[in-house]
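Engineer: mmCIF, C-alpha atoms, saved as protein_23.cif, coming up:
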data_target
loop_
_atom_site.label_atom_id
_atom_site.label_comp_id
_atom_site.auth_asym_id
_atom_site.auth_seq_id
_atom_site.Cartn_x
_atom_site.Cartn_y
_atom_site.Cartn_z
CA MET A 979 110.03 49.32 112.91
CA GLN A 980 109.62 47.83 109.40
CA PRO A 981 112.60 48.58 107.09
CA VAL A 982 110.45 50.53 104.64
CA PHE A 983 109.02 52.75 107.40
CA ARG A 984 112.49 53.20 108.85
CA ARG A 985 113.73 54.45 105.47
CA LEU A 986 110.74 56.80 105.10
CA ALA A 987 111.30 58.20 108.59
CA LEU A 988 114.98 58.75 107.85
CA PHE A 989 114.11 60.49 104.57
CA ALA A 990 111.68 62.80 106.36
CA VAL A 991 114.32 63.77 108.93
CA LEU A 992 116.93 64.39 106.24
CA ALA A 993 114.48 66.46 104.16
CA THR A 994 113.55 68.60 107.15
CA THR A 995 117.20 69.08 108.07
CA ALA A 996 118.04 70.10 104.50
CA LEU A 997 115.17 72.61 104.40
CA THR A 998 116.29 74.11 107.72
CA ALA A 999 119.87 74.33 106.48
CA ARG A 1000 118.77 76.19 103.35
CA ALA A 1001 116.34 78.52 105.09
CA GLU A 1002 117.63 82.04 105.71
CA ASP A 1003 116.45 85.29 107.22
CA VAL A 1004 116.20 88.34 104.99
CA SER A 1005 116.19 91.88 106.37
CA VAL A 1006 113.58 93.98 104.58
CA ALA A 1007 113.01 97.74 104.77
CA VAL A 1008 109.33 98.32 104.00
CA ALA A 1009 107.53 101.59 103.29
CA ALA A 1010 105.11 102.26 106.15
CA ASN A 1011 102.02 102.33 103.93
CA PHE A 1012 102.68 98.69 103.00
CA THR A 1013 102.74 97.39 106.60
CA ALA A 1014 99.57 95.29 106.66
CA PRO A 1015 99.90 93.61 103.26
CA MET A 1016 103.59 92.90 103.77
CA GLN A 1017 102.94 91.18 107.08
CA LYS A 1018 100.56 88.82 105.29
CA ILE A 1019 102.92 88.32 102.37
CA ALA A 1020 105.81 87.54 104.72
CA ALA A 1021 103.75 84.84 106.46
CA GLU A 1022 102.86 83.23 103.13
CA PHE A 1023 106.47 83.54 101.98
CA GLU A 1024 107.73 81.67 105.04
CA LYS A 1025 105.17 78.90 104.52
CA ALA A 1026 106.14 78.52 100.87
CA THR A 1027 109.93 78.74 101.14
CA GLY A 1028 111.05 78.30 104.74
CA HIS A 1029 112.83 81.65 104.54
CA LYS A 1030 111.84 84.26 107.12
CA ALA A 1031 111.47 87.96 106.34
CA GLN A 1032 112.56 90.32 109.12
CA LEU A 1033 110.43 93.39 108.44
CA ILE A 1034 111.31 96.96 109.42
CA PHE A 1035 108.73 99.65 108.61
CA GLY A 1036 109.35 103.35 108.09
CA SER A 1037 109.59 106.23 105.65
CA THR A 1038 111.36 105.78 102.34
CA GLY A 1039 113.45 108.90 102.86
CA LYS A 1040 114.78 107.67 106.20
CA PHE A 1041 115.51 104.24 104.76
CA TYR A 1042 117.58 105.85 102.02
CA ALA A 1043 119.69 107.70 104.60
CA GLN A 1044 120.11 104.53 106.67
CA ILE A 1045 121.13 102.46 103.64
CA LYS A 1046 123.71 105.08 102.68
CA SER A 1047 125.04 104.84 106.25
CA GLY A 1048 125.47 101.07 106.02
CA ALA A 1049 122.22 99.69 107.47
CA PRO A 1050 122.09 95.89 106.99
CA PHE A 1051 118.93 95.83 104.86
CA GLN A 1052 118.96 93.32 102.02
CA LEU A 1053 115.75 94.32 100.26
CA LEU A 1054 113.94 97.65 100.02
CA LEU A 1055 110.23 98.04 99.35
CA ALA A 1056 110.01 101.77 98.74
CA ALA A 1057 106.97 104.02 98.45
CA ASP A 1058 108.31 105.45 95.19
CA ASP A 1059 110.33 104.40 92.15
CA GLU A 1060 112.94 107.14 92.38
CA THR A 1061 114.70 105.98 95.56
CA PRO A 1062 115.41 102.43 94.31
CA ALA A 1063 116.63 103.83 90.98
CA LYS A 1064 118.91 106.25 92.81
CA LEU A 1065 120.35 103.45 94.95
CA VAL A 1066 121.06 101.38 91.82
CA LYS A 1067 122.75 104.35 90.16
CA GLU A 1068 124.88 105.00 93.25
CA GLY A 1069 125.95 101.37 93.50
CA ASP A 1070 124.02 100.55 96.67
CA ALA A 1071 121.51 98.21 94.98
CA VAL A 1072 121.72 95.41 92.44
CA ALA A 1073 121.32 96.56 88.84
CA GLY A 1074 118.39 94.90 87.09
CA SER A 1075 116.63 93.91 90.33
CA GLN A 1076 114.22 96.88 90.53
CA PHE A 1077 110.53 96.26 89.82
CA THR A 1078 107.13 97.78 90.66
CA TYR A 1079 105.27 95.76 93.28
CA ALA A 1080 102.29 98.11 93.77
CA ILE A 1081 100.75 101.39 92.67
CA GLY A 1082 99.45 103.37 95.61
CA LYS A 1083 96.37 105.52 96.09
CA LEU A 1084 95.99 108.61 98.25
CA VAL A 1085 92.94 109.08 100.48
CA LEU A 1086 91.64 111.79 102.79
CA TRP A 1087 90.32 110.06 105.91
CA SER A 1088 88.65 110.68 109.25
CA PRO A 1089 87.62 108.03 111.80
CA LYS A 1090 84.32 109.92 112.18
CA ALA A 1091 81.48 108.64 110.03
CA GLY A 1092 80.14 111.30 107.65
CA TYR A 1093 82.94 113.78 108.40
CA VAL A 1094 84.73 113.50 105.04
CA ASP A 1095 82.45 113.71 102.00
CA ASP A 1096 83.07 111.75 98.82
CA LYS A 1097 84.29 114.83 96.91
CA GLY A 1098 86.70 116.24 99.48
CA GLU A 1099 84.69 119.43 99.94
CA VAL A 1100 85.45 119.28 103.66
CA LEU A 1101 88.88 120.72 102.83
CA LYS A 1102 87.22 123.95 101.67
CA SER A 1103 84.85 124.16 104.62
CA GLY A 1104 87.39 125.33 107.20
CA ARG A 1105 85.52 123.40 109.91
CA PHE A 1106 88.61 121.61 111.20
CA GLU A 1107 91.63 122.70 113.17
CA HIS A 1108 94.28 120.27 111.97
CA LEU A 1109 95.04 118.33 108.80
CA SER A 1110 97.60 115.53 109.05
CA ILE A 1111 100.04 114.64 106.28
CA ALA A 1112 103.35 112.78 106.09
CA ASN A 1113 106.55 114.75 105.60
CA PRO A 1114 106.75 115.29 101.82
CA LYS A 1115 110.56 115.25 101.99
CA LEU A 1116 110.56 111.74 103.46
CA ALA A 1117 107.33 110.09 102.32
CA PRO A 1118 105.96 109.98 98.75
CA TYR A 1119 102.40 109.97 100.09
CA GLY A 1120 103.18 113.22 101.87
CA LEU A 1121 104.38 114.65 98.58
CA ALA A 1122 101.18 113.45 96.91
CA ALA A 1123 99.19 115.23 99.63
CA THR A 1124 100.96 118.53 99.02
CA GLU A 1125 100.50 118.12 95.25
CA THR A 1126 96.78 117.59 95.84
CA LEU A 1127 96.45 120.69 97.99
CA LYS A 1128 98.25 122.74 95.35
CA ALA A 1129 96.03 121.33 92.59
CA LEU A 1130 92.96 122.32 94.60
CA GLY A 1131 94.35 125.80 95.29
CA LEU A 1132 94.30 125.18 99.05
CA ALA A 1133 97.99 124.85 99.88
CA ASP A 1134 98.48 128.38 101.21
CA GLY A 1135 95.14 128.63 102.99
CA LEU A 1136 95.58 125.39 104.92
CA GLN A 1137 99.29 125.70 105.68
CA SER A 1138 98.71 126.79 109.29
CA LYS A 1139 96.48 123.77 109.94
CA ILE A 1140 98.89 121.09 108.76
CA VAL A 1141 100.47 118.72 111.26
CA MET A 1142 103.26 116.63 109.79
CA GLY A 1143 104.26 113.08 110.61
CA GLU A 1144 107.64 111.58 109.84
CA SER A 1145 105.94 108.68 108.05
CA ILE A 1146 102.51 107.85 106.69
CA THR A 1147 101.96 105.69 109.79
CA GLN A 1148 102.51 108.66 112.09
CA ALA A 1149 100.25 110.79 109.89
CA GLN A 1150 97.47 108.27 110.48
CA GLN A 1151 98.24 108.11 114.21
CA PHE A 1152 97.71 111.87 114.48
CA VAL A 1153 94.18 111.36 113.14
CA THR A 1154 93.30 108.28 115.21
CA SER A 1155 94.58 109.97 118.39
CA GLY A 1156 92.52 113.11 117.78
CA SER A 1157 95.52 115.37 117.21
CA ALA A 1158 94.04 116.06 113.78
CA GLU A 1159 90.45 115.69 112.65
CA LEU A 1160 91.40 114.32 109.26
CA GLY A 1161 94.45 113.47 107.22
CA PHE A 1162 95.90 112.35 103.92
CA ILE A 1163 97.07 108.74 104.16
CA ALA A 1164 97.46 105.68 101.96
CA PHE A 1165 94.25 103.95 100.88
CA SER A 1166 95.72 100.66 102.14
CA GLN A 1167 95.81 102.01 105.69
CA ILE A 1168 92.05 102.10 106.01
CA HIS A 1169 91.73 98.43 105.10
CA LYS A 1170 91.61 95.53 107.52
CA ASP A 1171 91.49 92.02 106.13
CA GLY A 1172 90.83 93.53 102.73
CA LYS A 1173 87.79 95.53 103.86
CA LEU A 1174 87.34 99.25 104.58
CA ILE A 1175 87.47 100.13 108.25
CA GLU A 1176 85.16 102.59 110.02
CA GLY A 1177 85.12 106.30 109.34
CA SER A 1178 84.67 108.38 106.21
CA HIS A 1179 86.99 109.04 103.30
CA TRP A 1180 87.57 110.67 99.94
CA LEU A 1181 89.59 108.66 97.45
CA VAL A 1182 91.67 111.40 95.83
CA PRO A 1183 91.45 111.37 92.01
CA ALA A 1184 94.75 110.29 90.47
CA ARG A 1185 94.89 113.46 88.36
CA TYR A 1186 95.72 115.53 91.44
CA TYR A 1187 99.08 113.91 92.21
CA SER A 1188 101.99 112.14 90.55
CA GLN A 1189 101.50 108.39 90.18
CA ILE A 1190 102.79 106.56 93.24
CA ARG A 1191 104.75 103.69 91.75
CA GLN A 1192 106.12 101.64 94.62
CA ASP A 1193 109.27 99.79 93.59
CA ALA A 1194 111.32 97.09 95.27
CA VAL A 1195 115.03 96.49 94.78
CA VAL A 1196 117.63 94.04 96.06
CA LEU A 1197 120.23 96.02 97.99
CA GLY A 1198 123.97 95.49 97.90
CA LYS A 1199 123.90 93.58 101.18
CA GLY A 1200 121.36 91.21 99.65
CA ARG A 1201 123.47 90.38 96.61
CA GLY A 1202 123.73 86.60 96.30
CA SER A 1203 121.26 86.00 99.14
CA ALA A 1204 118.90 83.15 98.30
CA ALA A 1205 116.29 84.54 100.70
CA ALA A 1206 116.42 88.07 99.23
CA GLU A 1207 116.09 86.76 95.68
CA ALA A 1208 113.30 84.40 96.73
CA LEU A 1209 111.30 87.19 98.38
CA ALA A 1210 111.75 89.46 95.36
CA GLY A 1211 110.35 86.65 93.23
CA PHE A 1212 107.52 85.91 95.66
CA LEU A 1213 106.36 89.54 95.52
CA LYS A 1214 105.60 88.94 91.83
CA SER A 1215 103.58 85.79 92.54
CA LYS A 1216 99.82 85.34 92.22
CA VAL A 1217 99.57 84.84 96.00
CA ALA A 1218 101.24 88.20 96.68
CA ALA A 1219 99.24 89.95 93.94
CA GLU A 1220 95.94 88.88 95.48
CA ILE A 1221 97.01 90.20 98.90
CA ILE A 1222 98.26 93.48 97.43
CA LYS A 1223 95.04 94.10 95.48
CA SER A 1224 92.91 93.27 98.53
CA TYR A 1225 94.42 96.31 100.25
CA GLY A 1226 93.36 98.69 97.51
CA TYR A 1227 96.55 98.90 95.49
CA ASP A 1228 96.73 98.66 91.72
CA LEU A 1229 99.33 96.52 89.96
#
Any chance you could put this one into structure tokens?

Structural biologist:
Amino acid sequence: MQPVFRRLALFAVLATTALTARAEDVSVAVAANFTAPMQKIAAEFEKATGHKAQLIFGSTGKFYAQIKSGAPFQLLLAADDETPAKLVKEGDAVAGSQFTYAIGKLVLWSPKAGYVDDKGEVLKSGRFEHLSIANPKLAPYGLAATETLKALGLADGLQSKIVMGESITQAQQFVTSGSAELGFIAFSQIHKDGKLIEGSHWLVPARYYSQIRQDAVVLGKGRGSAAAEALAGFLKSKVAAEIIKSYGYDL
């Protein structure tokens, strides 16, 4: 081997070794509604930095309880802005690290074409047996659903028809499985590769529910972690923004 090629080969090996040595895993608790976009963001993040995001999906309320009990999460992507702020105030998250990564939208959805009209009048029709929502005590989208029903004056009348999931993912599963004919879920959940999936939906006007500001925060166990700080920064990048918007979120 020529000396110059030998030196280049050695440099390549050393560079790869250094990158591997610096690369870390970061444990991330992610609100269930953000599953699909976060999976794409994590893949792009690993390509760009070498760090790998270990993603755990669930309800924001359950994540809060788990974090308070010592769960090893380093970064939280919540479905609200209150939980991250509370964790900062209580000393379980890094002060100054909280930021809004997405603004969510609520949608009423059925996998059946033509079942949900574009004004949500189906809710007043009474021609369904079950309406799925996420637990409003655990999931901000569930709270948004109950706020919407109250705003429409339907909360009491539909109470007996509500089936409740622990997370927004389970709320959608109730609909896809046929346990409920329709349900309130996150707009992002009826996207695949940035396009609307089959079925029918009503995009709920924002005036019916409190704005769903979804905030991220570096947790205490992520303090000083290069991977946690890198992912927090990557979520603010143009690459991440394009993915987030493709799933129907606002920024």

Engineer: Could you check how far CA of Tyr1093 (chain A) sits from CA of Leu1160 (chain A), in Å to one decimal?

Structural biologist: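 CA of Tyr1093 (chain A) sits 8.5 Å away from CA of Leu1160 (chain A).
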
Engineer: Point out the residue among A:Leu1054, A:Ala1205, A:Ala1014, A:Leu1130 with the least atom-to-atom distance to Ile1222 (chain A), counting only C-alpha atoms.

Structural biologist: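 Among the listed residues, A:Ala1014 lies closest to Ile1222 (chain A).
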
Engineer: Given all atoms listed in the file, how would the per-residue table for region 1049-1124 of chain A near region 1139-1154 of chain A read, listing every residue at most 8 Å away with its closest atom pair and distance in Å to one decimal, sorted by chain and number, as CSV?

Structural biologist:
residue,atom,partner,partner_atom,distance
A:Ser1088,CA,A:Val1153,CA,6.8
A:Pro1089,CA,A:Thr1154,CA,6.6
A:Glu1107,CA,A:Lys1139,CA,5.9
A:His1108,CA,A:Lys1139,CA,4.6
A:Leu1109,CA,A:Ile1140,CA,4.7
A:Ser1110,CA,A:Val1141,CA,4.8
A:Ile1111,CA,A:Met1142,CA,5.2
A:Ala1112,CA,A:Gly1143,CA,4.6
A:Asn1113,CA,A:Glu1144,CA,5.4
A:Leu1116,CA,A:Glu1144,CA,7.0
A:Ala1117,CA,A:Ser1145,CA,6.1
A:Tyr1119,CA,A:Ile1146,CA,6.9
A:Gly1120,CA,A:Ile1146,CA,7.2

Engineer: Have a look at A:Leu1101, A:Ile1034, A:Ala1049, A:Val1066 and name the one nearest to Trp1180 (chain A); count all atoms listed in the file.

Structural biologist: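 Distance minimum relative to Trp1180 (chain A) lands on A:Leu1101.
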
Engineer: In Å to one decimal, how far is CA of Ala1031 (chain A) from CA of Gln1017 (chain A)?

Structural biologist: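 Atom-to-atom, CA of Gln1017 (chain A) and CA of Ala1031 (chain A) are spaced 9.1 Å apart.
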
Engineer: What is the distance between CA of Gly1074 (chain A) and CA of Ala1194 (chain A), in Å to one decimal?

Structural biologist: 11.0 Å

Engineer: Nearest to Gly1082 (chain A): which of A:Ala1010, A:Ala1057, A:Ala1001, A:Val1195 is it, counting only C-alpha atoms?

Structural biologist: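 Comparing A:Ala1010, A:Ala1057, A:Ala1001, A:Val1195 against Gly1082 (chain A), the winner is A:Ala1057.
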
Engineer: Give as a PyMOL selection string the set of residues within 7 Å of the point (89.5, 95.4, 100.6), where distances use the file's coordinates and all atoms listed in the file.

Structural biologist: chain A and resi 1169+1171-1174+1224-1226

Engineer: Decode the PyMOL selection byres ((chain A and resi 1050) around 10) for the given file into explicit residues and return them as a PDB file with C-alpha atoms, keeping the file's coordinate frame.

Structural biologist:
ATOM      1  CA  VAL A1004     116.200  88.340 104.990  1.00  0.00           C
ATOM      2  CA  SER A1005     116.190  91.880 106.370  1.00  0.00           C
ATOM      3  CA  VAL A1006     113.580  93.980 104.580  1.00  0.00           C
ATOM      4  CA  ALA A1007     113.010  97.740 104.770  1.00  0.00           C
ATOM      5  CA  GLN A1044     120.110 104.530 106.670  1.00  0.00           C
ATOM      6  CA  ILE A1045     121.130 102.460 103.640  1.00  0.00           C
ATOM      7  CA  SER A1047     125.040 104.840 106.250  1.00  0.00           C
ATOM      8  CA  GLY A1048     125.470 101.070 106.020  1.00  0.00           C
ATOM      9  CA  ALA A1049     122.220  99.690 107.470  1.00  0.00           C
ATOM     10  CA  PHE A1051     118.930  95.830 104.860  1.00  0.00           C
ATOM     11  CA  GLN A1052     118.960  93.320 102.020  1.00  0.00           C
ATOM     12  CA  LEU A1053     115.750  94.320 100.260  1.00  0.00           C
ATOM     13  CA  LEU A1197     120.230  96.020  97.990  1.00  0.00           C
ATOM     14  CA  GLY A1198     123.970  95.490  97.900  1.00  0.00           C
ATOM     15  CA  LYS A1199     123.900  93.580 101.180  1.00  0.00           C
ATOM     16  CA  GLY A1200     121.360  91.210  99.650  1.00  0.00           C
TER      17      GLY A1200
END

Engineer: Near Ala1208 (chain A), within 12 Å and counting all atoms listed in the file, which residues show up once chain neighbours fewer than 4 positions away are dropped, as a PDB file with C-alpha atoms, keeping the file's coordinate frame?

Structural biologist:
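That gives us selection-v5.pdb:
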ATOM      1  CA  ARG A1000     118.770  76.190 103.350  1.00  0.00           C
ATOM      2  CA  ALA A1001     116.340  78.520 105.090  1.00  0.00           C
ATOM      3  CA  GLU A1002     117.630  82.040 105.710  1.00  0.00           C
ATOM      4  CA  ASP A1003     116.450  85.290 107.220  1.00  0.00           C
ATOM      5  CA  VAL A1004     116.200  88.340 104.990  1.00  0.00           C
ATOM      6  CA  ALA A1020     105.810  87.540 104.720  1.00  0.00           C
ATOM      7  CA  PHE A1023     106.470  83.540 101.980  1.00  0.00           C
ATOM      8  CA  GLU A1024     107.730  81.670 105.040  1.00  0.00           C
ATOM      9  CA  ALA A1026     106.140  78.520 100.870  1.00  0.00           C
ATOM     10  CA  THR A1027     109.930  78.740 101.140  1.00  0.00           C
ATOM     11  CA  GLY A1028     111.050  78.300 104.740  1.00  0.00           C
ATOM     12  CA  HIS A1029     112.830  81.650 104.540  1.00  0.00           C
ATOM     13  CA  LYS A1030     111.840  84.260 107.120  1.00  0.00           C
ATOM     14  CA  ALA A1031     111.470  87.960 106.340  1.00  0.00           C
ATOM     15  CA  GLN A1052     118.960  93.320 102.020  1.00  0.00           C
ATOM     16  CA  LEU A1053     115.750  94.320 100.260  1.00  0.00           C
ATOM     17  CA  SER A1075     116.630  93.910  90.330  1.00  0.00           C
ATOM     18  CA  VAL A1196     117.630  94.040  96.060  1.00  0.00           C
ATOM     19  CA  GLY A1200     121.360  91.210  99.650  1.00  0.00           C
ATOM     20  CA  ARG A1201     123.470  90.380  96.610  1.00  0.00           C
ATOM     21  CA  GLY A1202     123.730  86.600  96.300  1.00  0.00           C
ATOM     22  CA  SER A1203     121.260  86.000  99.140  1.00  0.00           C
ATOM     23  CA  ALA A1204     118.900  83.150  98.300  1.00  0.00           C
ATOM     24  CA  PHE A1212     107.520  85.910  95.660  1.00  0.00           C
ATOM     25  CA  LEU A1213     106.360  89.540  95.520  1.00  0.00           C
ATOM     26  CA  LYS A1214     105.600  88.940  91.830  1.00  0.00           C
ATOM     27  CA  SER A1215     103.580  85.790  92.540  1.00  0.00           C
TER      28      SER A1215
END

Engineer: Written as a list in words, what is the full residue list that the PyMOL selection byres ((chain A and resi 1183) around 12) yields on the file shown?

Structural biologist: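 Output of the PyMOL selection byres ((chain A and resi 1183) around 12): Gly1082, Lys1083, Leu1084, Val1085, Leu1086, Asp1096, Lys1097, Gly1098, Ala1122, Ala1123, Glu1125, Thr1126, Ala1129, Leu1130, Phe1165, Trp1180, Leu1181, Val1182, Ala1184, Arg1185, Tyr1186, Tyr1187, Ser1188 and Gln1189 of chain A.
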
Engineer: With 8 Å on each side, where is the centre of the axis-aligned box around all listed atoms of region 1031-1045 of chain A, and how long are its edges in Å to one decimal, as lines of an AutoDock Vina configuration file?

Structural biologist:
center_x = 114.9
center_y = 98.4
center_z = 105.7
size_x = 28.4
size_y = 36.9
size_z = 23.4

Engineer: Output as a short mmCIF file (atom, residue, chain, number, x, y, z; two decimals), keeping the file's coordinate frame: region 1175-1200 of chain A, completed with N, CA, C and O atoms.

Structural biologist:
data_model
loop_
_atom_site.label_atom_id
_atom_site.label_comp_id
_atom_site.auth_asym_id
_atom_site.auth_seq_id
_atom_site.Cartn_x
_atom_site.Cartn_y
_atom_site.Cartn_z
N ILE A 1175 87.76 99.99 106.83
CA ILE A 1175 87.47 100.13 108.25
C ILE A 1175 86.48 101.28 108.45
O ILE A 1175 86.05 101.92 107.50
N GLU A 1176 86.15 101.54 109.72
CA GLU A 1176 85.16 102.59 110.02
C GLU A 1176 85.68 103.98 109.66
O GLU A 1176 86.87 104.18 109.43
N GLY A 1177 84.76 104.92 109.64
CA GLY A 1177 85.12 106.30 109.34
C GLY A 1177 84.55 106.75 108.01
O GLY A 1177 83.64 106.13 107.45
N SER A 1178 85.09 107.83 107.50
CA SER A 1178 84.67 108.38 106.21
C SER A 1178 85.90 108.80 105.43
O SER A 1178 86.92 109.16 106.00
N HIS A 1179 85.81 108.74 104.11
CA HIS A 1179 86.99 109.04 103.30
C HIS A 1179 86.63 109.59 101.93
O HIS A 1179 85.50 109.44 101.45
N TRP A 1180 87.63 110.22 101.33
CA TRP A 1180 87.57 110.67 99.94
C TRP A 1180 88.77 110.07 99.23
O TRP A 1180 89.91 110.35 99.59
N LEU A 1181 88.51 109.22 98.26
CA LEU A 1181 89.59 108.66 97.45
C LEU A 1181 90.02 109.72 96.45
O LEU A 1181 89.27 110.07 95.54
N VAL A 1182 91.21 110.26 96.63
CA VAL A 1182 91.67 111.40 95.83
C VAL A 1182 91.87 110.98 94.38
O VAL A 1182 92.57 110.00 94.10
N PRO A 1183 91.26 111.69 93.43
CA PRO A 1183 91.45 111.37 92.01
C PRO A 1183 92.93 111.40 91.63
O PRO A 1183 93.69 112.28 92.06
N ALA A 1184 93.34 110.44 90.83
CA ALA A 1184 94.75 110.29 90.47
C ALA A 1184 95.30 111.50 89.73
O ALA A 1184 96.51 111.73 89.73
N ARG A 1185 94.43 112.29 89.13
CA ARG A 1185 94.89 113.46 88.36
C ARG A 1185 95.49 114.55 89.24
O ARG A 1185 96.18 115.45 88.75
N TYR A 1186 95.25 114.49 90.55
CA TYR A 1186 95.72 115.53 91.44
C TYR A 1186 97.16 115.32 91.92
O TYR A 1186 97.74 116.23 92.52
N TYR A 1187 97.72 114.15 91.71
CA TYR A 1187 99.08 113.91 92.21
C TYR A 1187 99.84 112.96 91.28
O TYR A 1187 99.23 112.24 90.48
N SER A 1188 101.14 113.01 91.37
CA SER A 1188 101.99 112.14 90.55
C SER A 1188 101.75 110.69 90.93
O SER A 1188 101.56 110.36 92.11
N GLN A 1189 101.75 109.81 89.92
CA GLN A 1189 101.50 108.39 90.18
C GLN A 1189 102.49 107.85 91.23
O GLN A 1189 103.68 108.11 91.16
N ILE A 1190 101.95 107.12 92.18
CA ILE A 1190 102.79 106.56 93.24
C ILE A 1190 103.16 105.13 92.87
O ILE A 1190 102.50 104.16 93.26
N ARG A 1191 104.23 105.01 92.11
CA ARG A 1191 104.75 103.69 91.75
C ARG A 1191 105.68 103.23 92.86
O ARG A 1191 106.68 103.88 93.15
N GLN A 1192 105.33 102.15 93.50
CA GLN A 1192 106.12 101.64 94.62
C GLN A 1192 107.00 100.50 94.11
O GLN A 1192 106.52 99.45 93.71
N ASP A 1193 108.31 100.75 94.13
CA ASP A 1193 109.27 99.79 93.59
C ASP A 1193 110.06 99.09 94.69
O ASP A 1193 110.34 99.67 95.74
N ALA A 1194 110.44 97.86 94.40
CA ALA A 1194 111.32 97.09 95.27
C ALA A 1194 112.66 96.92 94.57
O ALA A 1194 112.75 96.97 93.33
N VAL A 1195 113.71 96.71 95.36
CA VAL A 1195 115.03 96.49 94.78
C VAL A 1195 115.86 95.68 95.77
O VAL A 1195 115.74 95.83 96.99
N VAL A 1196 116.68 94.79 95.23
CA VAL A 1196 117.63 94.04 96.06
C VAL A 1196 118.82 94.95 96.33
O VAL A 1196 119.41 95.50 95.41
N LEU A 1197 119.13 95.13 97.60
CA LEU A 1197 120.23 96.02 97.99
C LEU A 1197 121.57 95.30 97.91
O LEU A 1197 121.63 94.06 97.82
N GLY A 1198 122.63 96.08 97.99
CA GLY A 1198 123.97 95.49 97.90
C GLY A 1198 124.21 94.40 98.92
O GLY A 1198 124.84 93.38 98.62
N LYS A 1199 123.70 94.57 100.13
CA LYS A 1199 123.90 93.58 101.18
C LYS A 1199 123.07 92.32 100.95
O LYS A 1199 123.24 91.32 101.66
N GLY A 1200 122.16 92.38 99.97
CA GLY A 1200 121.36 91.21 99.65
C GLY A 1200 121.84 90.48 98.41
O GLY A 1200 121.27 89.46 98.01
#
